[in-house]
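Data block for structure-v2.txt (compact mmCIF, C-alpha atoms and all ligand atoms):
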# COMPACT_ATOMS: atom_id res chain seq x y z
CA MET A 1030 -35.69 -4.48 1.63
CA ILE A 1031 -37.36 -7.81 2.36
CA ALA A 1032 -35.96 -10.69 0.35
CA ASN A 1033 -36.78 -14.37 0.46
CA THR A 1034 -33.15 -15.42 0.34
CA THR A 1035 -33.86 -19.15 0.41
CA GLN A 1036 -34.98 -19.12 -3.22
CA PHE A 1037 -31.57 -17.93 -4.46
CA ASP A 1038 -28.69 -20.34 -4.75
CA LEU A 1039 -26.00 -17.81 -3.95
CA ARG A 1040 -22.69 -19.39 -3.07
CA SER A 1041 -20.39 -16.59 -2.00
CA LYS A 1042 -17.27 -16.25 -4.15
CA LEU A 1043 -15.40 -15.03 -1.07
CA PRO A 1044 -17.11 -16.80 1.84
CA ASN A 1045 -14.47 -15.94 4.43
CA ILE A 1046 -13.97 -12.30 3.59
CA LYS A 1047 -15.37 -9.87 6.13
CA GLU A 1048 -15.60 -6.08 6.13
CA SER A 1049 -12.13 -4.52 5.87
CA ILE A 1050 -10.41 -3.89 9.20
CA PHE A 1051 -9.83 -0.30 8.05
CA SER A 1052 -13.58 0.34 7.84
CA VAL A 1053 -14.23 -1.54 11.08
CA MET A 1054 -11.66 0.36 13.14
CA SER A 1055 -12.60 3.74 11.65
CA GLN A 1056 -16.23 3.00 12.63
CA HIS A 1057 -15.09 2.17 16.18
CA ALA A 1058 -13.12 5.43 16.24
CA ARG A 1059 -16.22 7.43 15.25
CA ALA A 1060 -18.54 5.54 17.64
CA ASN A 1061 -16.17 6.13 20.57
CA ASN A 1062 -15.16 9.64 19.59
CA ALA A 1063 -11.59 8.36 19.64
CA ILE A 1064 -8.46 9.64 17.91
CA ASN A 1065 -8.19 7.65 14.72
CA LEU A 1066 -4.68 6.33 14.14
CA SER A 1067 -6.08 3.16 12.53
CA GLN A 1068 -6.91 3.58 8.83
CA GLY A 1069 -3.99 5.07 6.92
CA PHE A 1070 -4.91 8.56 5.74
CA PRO A 1071 -3.63 12.05 6.52
CA ASN A 1072 -5.85 14.32 8.64
CA PHE A 1073 -4.21 17.44 7.24
CA PRO A 1074 -4.99 19.09 3.90
CA CYS A 1075 -3.21 18.54 0.62
CA SER A 1076 -1.47 21.41 -1.17
CA ASP A 1077 -3.62 24.46 -2.02
CA GLN A 1078 -1.75 24.70 -5.29
CA LEU A 1079 -2.82 21.18 -6.22
CA ILE A 1080 -6.46 21.95 -5.43
CA ALA A 1081 -6.21 25.15 -7.49
CA LEU A 1082 -4.83 23.13 -10.40
CA VAL A 1083 -7.70 20.61 -10.26
CA ASN A 1084 -10.10 23.55 -10.16
CA LYS A 1085 -8.38 25.18 -13.10
CA TYR A 1086 -8.64 22.06 -15.24
CA MET A 1087 -12.28 21.55 -14.26
CA GLN A 1088 -13.09 25.19 -15.13
CA GLU A 1089 -11.28 24.82 -18.43
CA GLY A 1090 -13.54 21.91 -19.34
CA TYR A 1091 -11.33 18.87 -18.82
CA ASN A 1092 -14.32 16.92 -17.55
CA GLN A 1093 -14.86 14.09 -20.01
CA TYR A 1094 -13.32 10.63 -20.21
CA ALA A 1095 -9.55 10.56 -20.16
CA PRO A 1096 -7.76 8.19 -22.53
CA ALA A 1097 -8.17 4.66 -21.16
CA TYR A 1098 -4.55 4.24 -20.09
CA GLY A 1099 -4.16 7.77 -18.72
CA VAL A 1100 -3.58 11.33 -19.92
CA MET A 1101 -0.50 11.15 -22.15
CA GLU A 1102 1.17 14.22 -20.65
CA LEU A 1103 0.99 12.61 -17.20
CA ARG A 1104 2.37 9.31 -18.47
CA GLU A 1105 5.26 11.18 -20.09
CA THR A 1106 6.02 13.00 -16.85
CA LEU A 1107 5.92 9.70 -14.96
CA ALA A 1108 8.23 8.04 -17.48
CA GLN A 1109 10.75 10.84 -16.92
CA LYS A 1110 10.40 10.54 -13.15
CA VAL A 1111 10.94 6.78 -13.23
CA ASN A 1112 13.90 7.23 -15.54
CA LYS A 1113 15.52 9.80 -13.30
CA GLN A 1114 14.90 7.90 -10.06
CA TYR A 1115 15.52 4.33 -11.14
CA GLY A 1116 17.54 4.65 -14.33
CA ILE A 1117 15.14 2.70 -16.53
CA GLU A 1118 13.64 3.72 -19.88
CA VAL A 1119 9.89 3.21 -19.77
CA LYS A 1120 7.61 3.83 -22.75
CA PRO A 1121 4.69 6.06 -21.74
CA GLU A 1122 2.51 4.72 -24.62
CA SER A 1123 2.75 1.09 -23.67
CA GLU A 1124 4.36 0.62 -20.26
CA ILE A 1125 2.53 2.98 -17.88
CA THR A 1126 -1.17 2.88 -17.01
CA VAL A 1127 -2.94 5.36 -14.75
CA THR A 1128 -5.31 3.54 -12.40
CA ALA A 1129 -8.04 4.25 -9.85
CA GLY A 1130 -5.55 3.98 -6.99
CA ALA A 1131 -3.05 1.25 -6.30
CA THR A 1132 -5.85 -1.10 -5.24
CA GLN A 1133 -7.26 -1.19 -8.76
CA ALA A 1134 -3.77 -1.59 -10.23
CA ILE A 1135 -3.13 -4.58 -7.98
CA PHE A 1136 -6.52 -6.16 -8.67
CA THR A 1137 -6.23 -5.58 -12.40
CA ALA A 1138 -2.69 -6.90 -12.66
CA ILE A 1139 -3.60 -10.04 -10.73
CA LEU A 1140 -6.79 -10.60 -12.71
CA GLY A 1141 -4.94 -10.08 -15.97
CA LEU A 1142 -2.01 -12.35 -15.18
CA ILE A 1143 -3.14 -15.05 -12.75
CA ARG A 1144 -5.04 -18.09 -13.96
CA GLU A 1145 -7.04 -20.79 -12.20
CA GLY A 1146 -4.66 -22.84 -10.04
CA ASP A 1147 -1.65 -20.49 -10.24
CA GLU A 1148 0.17 -20.02 -6.95
CA VAL A 1149 1.08 -16.57 -5.69
CA ILE A 1150 3.54 -16.07 -2.83
CA VAL A 1151 2.30 -13.50 -0.33
CA PHE A 1152 4.24 -12.23 2.67
CA ASP A 1153 2.19 -12.00 5.86
CA PRO A 1154 1.32 -9.61 7.39
CA ALA A 1155 -0.07 -8.70 3.97
CA TYR A 1156 -1.99 -5.67 2.78
CA ASP A 1157 -5.61 -6.75 2.81
CA SER A 1158 -6.43 -6.54 -0.90
CA TYR A 1159 -3.84 -9.07 -2.15
CA VAL A 1160 -5.47 -12.33 -1.10
CA PRO A 1161 -9.05 -11.57 -2.24
CA SER A 1162 -7.66 -10.38 -5.59
CA ILE A 1163 -5.72 -13.64 -6.03
CA LYS A 1164 -8.74 -15.70 -5.08
CA MET A 1165 -11.06 -13.83 -7.44
CA ALA A 1166 -8.61 -14.61 -10.23
CA GLY A 1167 -8.82 -18.32 -9.30
CA GLY A 1168 -5.28 -18.32 -7.95
CA MET A 1169 -3.99 -19.83 -4.74
CA PRO A 1170 -2.24 -17.61 -2.17
CA ILE A 1171 0.83 -19.26 -0.63
CA HIS A 1172 1.67 -17.54 2.64
CA VAL A 1173 5.14 -16.87 4.01
CA SER A 1174 5.19 -15.25 7.45
CA LEU A 1175 7.45 -12.39 8.45
CA LYS A 1176 8.27 -12.37 12.14
CA GLY A 1177 8.82 -9.35 14.34
CA PRO A 1178 10.58 -7.34 15.43
CA ASP A 1179 12.70 -7.18 12.23
CA TYR A 1180 10.21 -8.76 9.76
CA LYS A 1181 12.98 -9.85 7.37
CA ILE A 1182 11.94 -12.01 4.44
CA PRO A 1183 12.89 -15.65 5.20
CA TRP A 1184 14.23 -16.50 1.75
CA ASP A 1185 14.96 -20.15 2.57
CA GLU A 1186 11.32 -20.63 3.36
CA VAL A 1187 10.31 -18.83 0.19
CA LYS A 1188 12.52 -21.22 -1.80
CA LYS A 1189 10.79 -24.19 -0.20
CA LYS A 1190 7.39 -22.86 -1.17
CA ILE A 1191 8.22 -22.30 -4.83
CA SER A 1192 6.62 -24.96 -7.03
CA PHE A 1193 6.01 -25.45 -10.73
CA LYS A 1194 2.66 -23.70 -10.10
CA THR A 1195 4.22 -20.52 -8.69
CA LYS A 1196 3.30 -17.66 -11.02
CA MET A 1197 3.92 -14.55 -8.97
CA ILE A 1198 5.54 -13.15 -5.83
CA ILE A 1199 3.94 -10.06 -4.29
CA LEU A 1200 6.42 -7.74 -2.67
CA ASN A 1201 5.62 -4.60 -0.71
CA THR A 1202 8.39 -2.13 0.03
CA PRO A 1203 8.26 0.00 2.17
CA HIS A 1204 6.03 -2.50 3.89
CA ASN A 1205 2.57 -1.86 5.30
CA PRO A 1206 2.10 -2.61 8.20
CA CYS A 1207 5.69 -3.49 9.24
CA GLY A 1208 7.41 -0.26 8.17
CA THR A 1209 10.36 -2.23 6.78
CA CYS A 1210 12.14 -1.87 3.43
CA ILE A 1211 13.88 -4.41 1.23
CA ASP A 1212 17.60 -4.02 0.52
CA GLU A 1213 20.14 -5.18 -2.07
CA ASP A 1214 20.34 -8.64 -0.50
CA ASP A 1215 16.62 -9.14 -0.89
CA ILE A 1216 16.85 -8.20 -4.57
CA GLU A 1217 19.74 -10.67 -4.96
CA GLN A 1218 17.68 -13.44 -3.36
CA LEU A 1219 14.75 -12.67 -5.63
CA LYS A 1220 17.06 -12.87 -8.63
CA ILE A 1221 18.27 -16.30 -7.56
CA ILE A 1222 14.74 -17.54 -6.95
CA THR A 1223 13.36 -16.34 -10.26
CA SER A 1224 16.35 -17.21 -12.39
CA GLY A 1225 15.42 -19.56 -15.23
CA ASN A 1226 11.70 -19.66 -14.50
CA ASN A 1227 8.57 -17.66 -15.38
CA ILE A 1228 7.76 -16.21 -11.99
CA LEU A 1229 6.49 -12.64 -12.11
CA ILE A 1230 6.85 -10.04 -9.38
CA LEU A 1231 4.14 -7.62 -8.34
CA SER A 1232 5.88 -4.88 -6.44
CA ASP A 1233 3.67 -2.65 -4.32
CA GLU A 1234 5.70 0.54 -3.90
CA VAL A 1235 2.98 2.95 -2.83
CA TYR A 1236 5.23 4.32 -0.05
CA GLU A 1237 8.23 5.00 -2.31
CA HIS A 1238 8.24 8.59 -1.01
CA ALA A 1239 8.04 7.69 2.67
CA ILE A 1240 11.57 6.38 3.29
CA PHE A 1241 13.52 7.46 6.35
CA ASP A 1242 17.02 7.87 7.76
CA ASP A 1243 18.66 8.43 4.37
CA ASN A 1244 17.71 4.93 3.26
CA LYS A 1245 17.30 4.25 -0.42
CA HIS A 1246 14.11 2.93 -2.00
CA TYR A 1247 14.98 -0.26 -3.86
CA SER A 1248 12.39 -0.16 -6.61
CA LEU A 1249 12.12 -3.32 -8.65
CA LEU A 1250 12.15 -0.94 -11.62
CA GLY A 1251 15.78 -0.19 -10.87
CA SER A 1252 16.80 -3.85 -10.84
CA ASP A 1253 17.50 -6.60 -13.39
CA LEU A 1254 14.12 -7.99 -12.41
CA ALA A 1255 12.23 -5.18 -14.15
CA GLU A 1256 11.53 -7.42 -17.17
CA ARG A 1257 9.30 -9.68 -15.04
CA ASN A 1258 7.91 -7.02 -12.72
CA ILE A 1259 4.86 -4.82 -12.31
CA SER A 1260 5.44 -1.86 -9.96
CA VAL A 1261 2.43 -0.17 -8.41
CA PHE A 1262 2.25 3.41 -7.10
CA SER A 1263 -0.36 5.65 -5.48
CA PHE A 1264 -0.71 9.43 -5.76
CA GLY A 1265 -2.90 9.29 -2.66
CA LYS A 1266 0.12 8.57 -0.46
CA VAL A 1267 2.43 11.11 -2.03
CA LEU A 1268 0.02 14.03 -2.36
CA HIS A 1269 -2.03 13.48 0.83
CA THR A 1270 -5.09 12.79 -1.32
CA THR A 1271 -6.12 9.22 -0.47
CA GLY A 1272 -9.73 10.11 -1.32
CA TRP A 1273 -8.92 10.82 -4.95
CA LYS A 1274 -8.12 7.15 -5.58
CA ILE A 1275 -5.57 7.62 -8.30
CA GLY A 1276 -2.32 5.79 -8.93
CA TYR A 1277 -0.44 4.01 -11.70
CA CYS A 1278 1.44 0.89 -12.60
CA VAL A 1279 4.55 0.35 -14.66
CA ALA A 1280 5.35 -2.91 -16.46
CA PRO A 1281 6.97 -4.14 -19.66
CA ASN A 1282 4.67 -4.09 -22.64
CA TYR A 1283 4.05 -7.88 -22.80
CA LEU A 1284 2.61 -7.73 -19.25
CA MET A 1285 0.94 -4.34 -19.58
CA LYS A 1286 -0.95 -5.54 -22.66
CA GLU A 1287 -2.72 -8.14 -20.51
CA ILE A 1288 -3.26 -5.74 -17.60
CA ARG A 1289 -4.86 -3.19 -19.92
CA LYS A 1290 -7.32 -5.75 -21.28
CA VAL A 1291 -8.77 -5.99 -17.77
CA HIS A 1292 -8.33 -2.30 -16.96
CA GLN A 1293 -10.50 -1.17 -19.84
CA PHE A 1294 -13.41 -3.16 -18.48
CA ASN A 1295 -13.08 -2.57 -14.77
CA VAL A 1296 -12.67 1.20 -14.93
CA PHE A 1297 -11.88 2.10 -18.54
CA SER A 1298 -10.28 5.37 -17.44
CA VAL A 1299 -9.56 7.52 -14.40
CA ASN A 1300 -10.79 11.02 -13.51
CA THR A 1301 -9.50 13.56 -15.99
CA PRO A 1302 -8.92 16.91 -14.19
CA MET A 1303 -6.88 15.23 -11.45
CA GLN A 1304 -4.56 13.71 -14.02
CA TYR A 1305 -3.85 17.07 -15.65
CA ALA A 1306 -3.40 18.72 -12.26
CA ILE A 1307 -1.03 16.02 -10.97
CA ASN A 1308 0.96 16.23 -14.18
CA GLU A 1309 1.52 19.94 -13.66
CA PHE A 1310 2.22 19.51 -9.94
CA TYR A 1311 4.79 16.75 -10.58
CA LYS A 1312 6.77 19.08 -12.87
CA ASN A 1313 8.16 20.46 -9.64
CA GLU A 1314 10.18 17.53 -8.30
CA GLY A 1315 10.20 19.01 -4.80
CA ASN A 1316 6.47 18.35 -4.59
CA TYR A 1317 7.14 14.63 -4.21
CA SER A 1318 10.79 14.39 -3.18
CA SER A 1319 10.13 16.31 0.06
CA VAL A 1320 7.54 13.83 1.33
CA SER A 1321 10.01 11.38 2.93
CA ASN A 1322 11.49 14.14 5.01
CA PHE A 1323 8.05 15.36 6.02
CA TYR A 1324 6.99 11.91 7.25
CA GLU A 1325 10.33 11.26 8.93
CA GLN A 1326 9.68 14.33 11.07
CA LYS A 1327 6.20 13.04 11.89
CA ARG A 1328 7.62 9.65 12.86
CA ASP A 1329 10.26 11.24 15.08
CA PHE A 1330 7.74 13.57 16.69
CA PHE A 1331 5.43 10.66 17.54
CA LEU A 1332 8.18 8.32 18.72
CA ASN A 1333 9.75 10.95 20.89
CA LEU A 1334 6.45 11.28 22.73
CA MET A 1335 5.97 7.51 22.89
CA LYS A 1336 9.36 7.00 24.59
CA GLU A 1337 7.52 7.72 27.83
CA SER A 1338 5.01 4.91 27.23
CA ARG A 1339 5.10 1.19 28.13
CA PHE A 1340 4.89 0.23 24.46
CA SER A 1341 8.10 -0.96 22.80
CA PHE A 1342 8.99 -0.30 19.19
CA VAL A 1343 11.60 -0.38 16.44
CA PRO A 1344 11.40 2.92 14.51
CA SER A 1345 9.65 2.50 11.20
CA ALA A 1346 12.06 2.64 8.20
CA GLY A 1347 9.32 3.66 5.77
CA THR A 1348 5.52 4.13 5.23
CA TYR A 1349 3.45 6.29 7.56
CA PHE A 1350 2.86 3.50 10.04
CA GLN A 1351 4.54 2.59 13.29
CA LEU A 1352 4.21 -0.81 14.96
CA MET A 1353 4.01 -0.84 18.76
CA ASN A 1354 4.41 -3.92 20.93
CA TYR A 1355 2.24 -3.92 24.07
CA SER A 1356 3.36 -7.20 25.70
CA ASP A 1357 4.61 -5.29 28.77
CA ILE A 1358 1.10 -3.93 29.25
CA SER A 1359 -1.31 -6.78 28.56
CA LYS A 1360 -1.63 -10.44 27.65
CA GLN A 1361 -4.87 -9.83 25.75
CA SER A 1362 -5.08 -10.72 22.07
CA ASP A 1363 -4.23 -7.83 19.77
CA VAL A 1364 -7.82 -7.66 18.50
CA ASP A 1365 -9.17 -7.41 22.06
CA PHE A 1366 -6.46 -4.97 23.10
CA ALA A 1367 -7.15 -2.73 20.08
CA LEU A 1368 -10.85 -2.75 21.02
CA LYS A 1369 -10.04 -1.85 24.62
CA LEU A 1370 -7.76 0.93 23.39
CA VAL A 1371 -10.42 2.52 21.23
CA GLN A 1372 -13.28 2.03 23.72
CA GLU A 1373 -11.58 2.82 27.02
CA HIS A 1374 -8.56 4.93 26.09
CA GLY A 1375 -9.85 6.79 23.03
CA VAL A 1376 -7.21 5.79 20.46
CA ALA A 1377 -7.96 3.62 17.40
CA SER A 1378 -5.21 1.40 15.95
CA ILE A 1379 -5.03 -1.72 13.79
CA PRO A 1380 -4.29 -5.15 15.32
CA VAL A 1381 -1.58 -6.70 13.14
CA SER A 1382 -2.82 -10.31 13.44
CA VAL A 1383 -5.61 -9.52 10.97
CA PHE A 1384 -2.99 -9.28 8.22
CA TYR A 1385 -1.74 -12.83 8.87
CA ASN A 1386 -3.49 -15.78 7.27
CA ASP A 1387 -2.85 -17.83 10.43
CA LYS A 1388 -3.71 -14.84 12.67
CA THR A 1389 -0.23 -14.74 14.25
CA ASP A 1390 -0.55 -12.52 17.30
CA GLU A 1391 2.75 -10.96 18.39
CA LYS A 1392 0.94 -8.38 20.57
CA VAL A 1393 1.57 -5.64 18.08
CA LEU A 1394 -0.65 -2.76 16.96
CA ARG A 1395 -0.22 -0.47 13.96
CA PHE A 1396 -0.51 3.30 14.43
CA CYS A 1397 -0.73 5.77 11.54
CA PHE A 1398 1.36 8.89 12.08
CA ALA A 1399 0.11 10.79 9.00
CA LYS A 1400 -1.63 13.13 11.40
CA THR A 1401 -1.21 16.70 12.62
CA ASP A 1402 1.27 17.17 15.45
CA GLU A 1403 -1.66 18.15 17.65
CA THR A 1404 -3.44 14.84 16.96
CA LEU A 1405 -0.24 12.86 17.54
CA GLU A 1406 0.36 14.73 20.78
CA LYS A 1407 -3.16 14.02 22.06
CA ALA A 1408 -2.93 10.35 21.07
CA ALA A 1409 0.51 9.90 22.66
CA GLU A 1410 -0.72 11.52 25.86
CA LYS A 1411 -3.51 8.93 26.09
CA LEU A 1412 -1.20 6.05 25.16
CA CYS A 1413 1.42 7.08 27.71
CA LYS A 1414 -1.16 6.87 30.50
CA ILE A 1415 -1.78 3.16 29.87
N1 LIG P 1 -0.91 -1.01 -1.06
C1 LIG P 1 -0.60 -0.64 0.18
C2 LIG P 1 0.56 -1.30 0.86
C3 LIG P 1 -1.35 0.33 0.85
O1 LIG P 1 -1.04 0.67 2.09
C4 LIG P 1 -2.44 0.91 0.17
C5 LIG P 1 -3.37 1.92 0.80
N2 LIG P 1 -3.01 2.50 1.86
C6 LIG P 1 -2.71 0.52 -1.12
C7 LIG P 1 -1.93 -0.45 -1.70
C8 LIG P 1 -3.86 1.11 -1.88
O2 LIG P 1 -3.62 2.38 -2.34
P1 LIG P 1 -4.77 3.25 -3.03
O3 LIG P 1 -5.46 3.98 -1.94
O4 LIG P 1 -4.05 4.14 -3.98
O5 LIG P 1 -5.69 2.30 -3.70
N1 LIG P 2 -4.09 1.56 2.98
C1 LIG P 2 -4.75 2.11 4.10
C2 LIG P 2 -4.24 1.45 5.36
O1 LIG P 2 -3.41 0.59 5.31
C3 LIG P 2 -6.24 1.97 4.05
C4 LIG P 2 -6.86 1.70 2.76
C5 LIG P 2 -8.30 1.33 2.92
O2 LIG P 2 -8.98 1.86 3.78
N2 LIG P 2 -8.75 0.41 2.15
O3 LIG P 2 -4.68 1.81 6.41
Could you render the structure as structure tokens?
Amino acid sequence: MIANTTQFDLRSKLPNIKESIFSVMSQHARANNAINLSQGFPNFPCSDQLIALVNKYMQEGYNQYAPAYGVMELRETLAQKVNKQYGIEVKPESEITVTAGATQAIFTAILGLIREGDEVIVFDPAYDSYVPSIKMAGGMPIHVSLKGPDYKIPWDEVKKKISFKTKMIILNTPHNPCGTCIDEDDIEQLKIITSGNNILILSDEVYEHAIFDDNKHYSLLGSDLAERNISVFSFGKVLHTTGWKIGYCVAPNYLMKEIRKVHQFNVFSVNTPMQYAINEFYKNEGNYSSVSNFYEQKRDFFLNLMKESRFSFVPSAGTYFQLMNYSDISKQSDVDFALKLVQEHGVASIPVSVFYNDKTDEKVLRFCFAKTDETLEKAAEKLCKI
């Protein structure tokens, strides 16, 4: 298309936002015929039973709009799940909304709750959708950096950055890309920080079922902070169906009311047959409770192979990502080293500096281990030769 762009006064709303690193690295992987451990998605199939259930509901004619906030049966099942796991009573009618993936839940919650000039605390390295969502809502991201190799939250620094404009803190546990999880102390610190003020918490818990080494998932839903919290989940991560883009959020009614006002105009509702199928699939608890164990085995398989390499690492405590430090191999920037890795060694990864506002480069790459053992074996073989 030929357009005379000079005649349009288009000031970008997000002038500094480039194409997502996940798309960029996956394109490099394809162009170089490399093993793709960059973008986080499984390269193995989801359950046949789940596919059969989607098929069944499609054949039976469940193909029109679902209710705006989600199929009621699914919301009821989720309310029971949340109650059993985190000990909190959640009303399916008013406190759970099914969304087009966690990304839409995050965007919608931020758009519904953040106003022009509100400050939102974000921990870097941060999942890439948080900051653009805050900015589109007119809010101001306030960055707090986590430093490797432990990536603990520096609560003293958080306290210093709280102001009368702070409206929200975005938490992500288990954390992408760090593979860390919050603990009781972190919840305690959050309680202290938010005591007596109006600060909300947006808790991204999409990896709640990828927790390793018998650790517990500290959901904000199971804490005293639930009254000021929105927890976000993704079926894509649990069911190995990232392409279905379906998830949900849970929040008290006074927050959910505002979130739903936005939700009904940015998607209205989410695909119907998948919701019925997931509802039936989730009736068997084992279908989600086994996922942590499954990914722990993947992590161990990959790390066992990587012991022979010159990369150094702290085993991931959750998510399906593993950080690897390459400072014993190269002094190159992580972006350059990731490019070299995909172009010359045939393995795609994600340079972690892209998730930092100030582009902190600790010489660390993120590898996704949600892959078949064969893929992990081939990738580790290449990485061990470097
Ligand atoms: N939050 C985090 C931390 C993620 O890693 C992802 C995707 N991998 C999302 C949110 C988005 O999830 P969804 O694909 O369900 O939109
Ligand atoms: N969440 C996935 C990751 O961290 C990718 C999601 C996406 O491609 N937008 O790799």
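Atom CA of Phe1350 of chain A to atom CA of Leu1066 of chain A spans 9.0 Å [interatomic distance, one decimal].
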(request) Would you work out the distance separating atom CA of Leu1175 of chain A from atom CA of Arg1257 of chain A, expressed in Å to one decimal? (result)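 Separation between atom CA of Leu1175 of chain A and atom CA of Arg1257 of chain A: 23.7 Å.
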(message) Neighbouring residues of ligand LIG 2 (chain P) are defined here as those with any atom at most 10 Å from a ligand atom, counting all atoms listed in the file; list them as JSON, numbers by chain.
(response) {"A": [1049, 1050, 1051, 1052, 1053, 1054, 1055, 1066, 1067, 1068, 1069, 1070, 1131, 1132, 1155, 1156, 1157, 1158, 1205, 1206, 1235, 1265, 1266, 1271, 1272, 1348, 1349, 1350, 1378, 1379, 1395, 1396, 1397]}
Residues from the last selection, C-alpha atoms, saved as an mmCIF file, keeping the file's coordinate frame:
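Written file, again.cif:
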data_model
loop_
_atom_site.group_PDB
_atom_site.id
_atom_site.type_symbol
_atom_site.label_atom_id
_atom_site.label_comp_id
_atom_site.auth_asym_id
_atom_site.auth_seq_id
_atom_site.Cartn_x
_atom_site.Cartn_y
_atom_site.Cartn_z
ATOM 1 C CA SER A 1049 -12.130 -4.520 5.870
ATOM 2 C CA ILE A 1050 -10.410 -3.890 9.200
ATOM 3 C CA PHE A 1051 -9.830 -0.300 8.050
ATOM 4 C CA SER A 1052 -13.580 0.340 7.840
ATOM 5 C CA VAL A 1053 -14.230 -1.540 11.080
ATOM 6 C CA MET A 1054 -11.660 0.360 13.140
ATOM 7 C CA SER A 1055 -12.600 3.740 11.650
ATOM 8 C CA LEU A 1066 -4.680 6.330 14.140
ATOM 9 C CA SER A 1067 -6.080 3.160 12.530
ATOM 10 C CA GLN A 1068 -6.910 3.580 8.830
ATOM 11 C CA GLY A 1069 -3.990 5.070 6.920
ATOM 12 C CA PHE A 1070 -4.910 8.560 5.740
ATOM 13 C CA ALA A 1131 -3.050 1.250 -6.300
ATOM 14 C CA THR A 1132 -5.850 -1.100 -5.240
ATOM 15 C CA ALA A 1155 -0.070 -8.700 3.970
ATOM 16 C CA TYR A 1156 -1.990 -5.670 2.780
ATOM 17 C CA ASP A 1157 -5.610 -6.750 2.810
ATOM 18 C CA SER A 1158 -6.430 -6.540 -0.900
ATOM 19 C CA ASN A 1205 2.570 -1.860 5.300
ATOM 20 C CA PRO A 1206 2.100 -2.610 8.200
ATOM 21 C CA VAL A 1235 2.980 2.950 -2.830
ATOM 22 C CA GLY A 1265 -2.900 9.290 -2.660
ATOM 23 C CA LYS A 1266 0.120 8.570 -0.460
ATOM 24 C CA THR A 1271 -6.120 9.220 -0.470
ATOM 25 C CA GLY A 1272 -9.730 10.110 -1.320
ATOM 26 C CA THR A 1348 5.520 4.130 5.230
ATOM 27 C CA TYR A 1349 3.450 6.290 7.560
ATOM 28 C CA PHE A 1350 2.860 3.500 10.040
ATOM 29 C CA SER A 1378 -5.210 1.400 15.950
ATOM 30 C CA ILE A 1379 -5.030 -1.720 13.790
ATOM 31 C CA ARG A 1395 -0.220 -0.470 13.960
ATOM 32 C CA PHE A 1396 -0.510 3.300 14.430
ATOM 33 C CA CYS A 1397 -0.730 5.770 11.540
#
(message) I'd like the interatomic distance between atom CA of Asp1214 of chain A and atom C2 of ligand LIG 1 (chain P), to a tenth of an Å.
(response)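 Calculated distance between atom CA of Asp1214 of chain A and atom C2 of ligand LIG 1 (chain P) is 21.1 Å.
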(message) From the options A:Thr1223, A:Thr1126, A:Ser1362, A:Asn1084, which residue's atoms come nearest to Val1100 of chain A, counting all atoms listed in the file?
(response)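 Selected residue with least distance to Val1100 of chain A: A:Thr1126.
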(message) What's around Asp1077 of chain A at 12 Å? Count all atoms listed in the file, leave out sequence neighbours fewer than 6 positions away in its own chain, and write the answer as a PyMOL selection string.
(response) chain A and resi 1083-1084+1268-1270+1306+1310
Include C-alpha atoms and write out the residues we just selected as a compact mmCIF listing (two decimals), keeping the file's coordinate frame.
# COMPACT_ATOMS: atom_id res chain seq x y z
CA VAL A 1083 -7.70 20.61 -10.26
CA ASN A 1084 -10.10 23.55 -10.16
CA LEU A 1268 0.02 14.03 -2.36
CA HIS A 1269 -2.03 13.48 0.83
CA THR A 1270 -5.09 12.79 -1.32
CA ALA A 1306 -3.40 18.72 -12.26
CA PHE A 1310 2.22 19.51 -9.94
(message) Can you pull out the residues contacting Lys1042 of chain A? Cut-off 9 Å, using all atoms listed in the file, and skip same-chain residues under 2 positions away; I want them as a PyMOL selection string.
(response) chain A and resi 1039-1040+1044+1164-1165
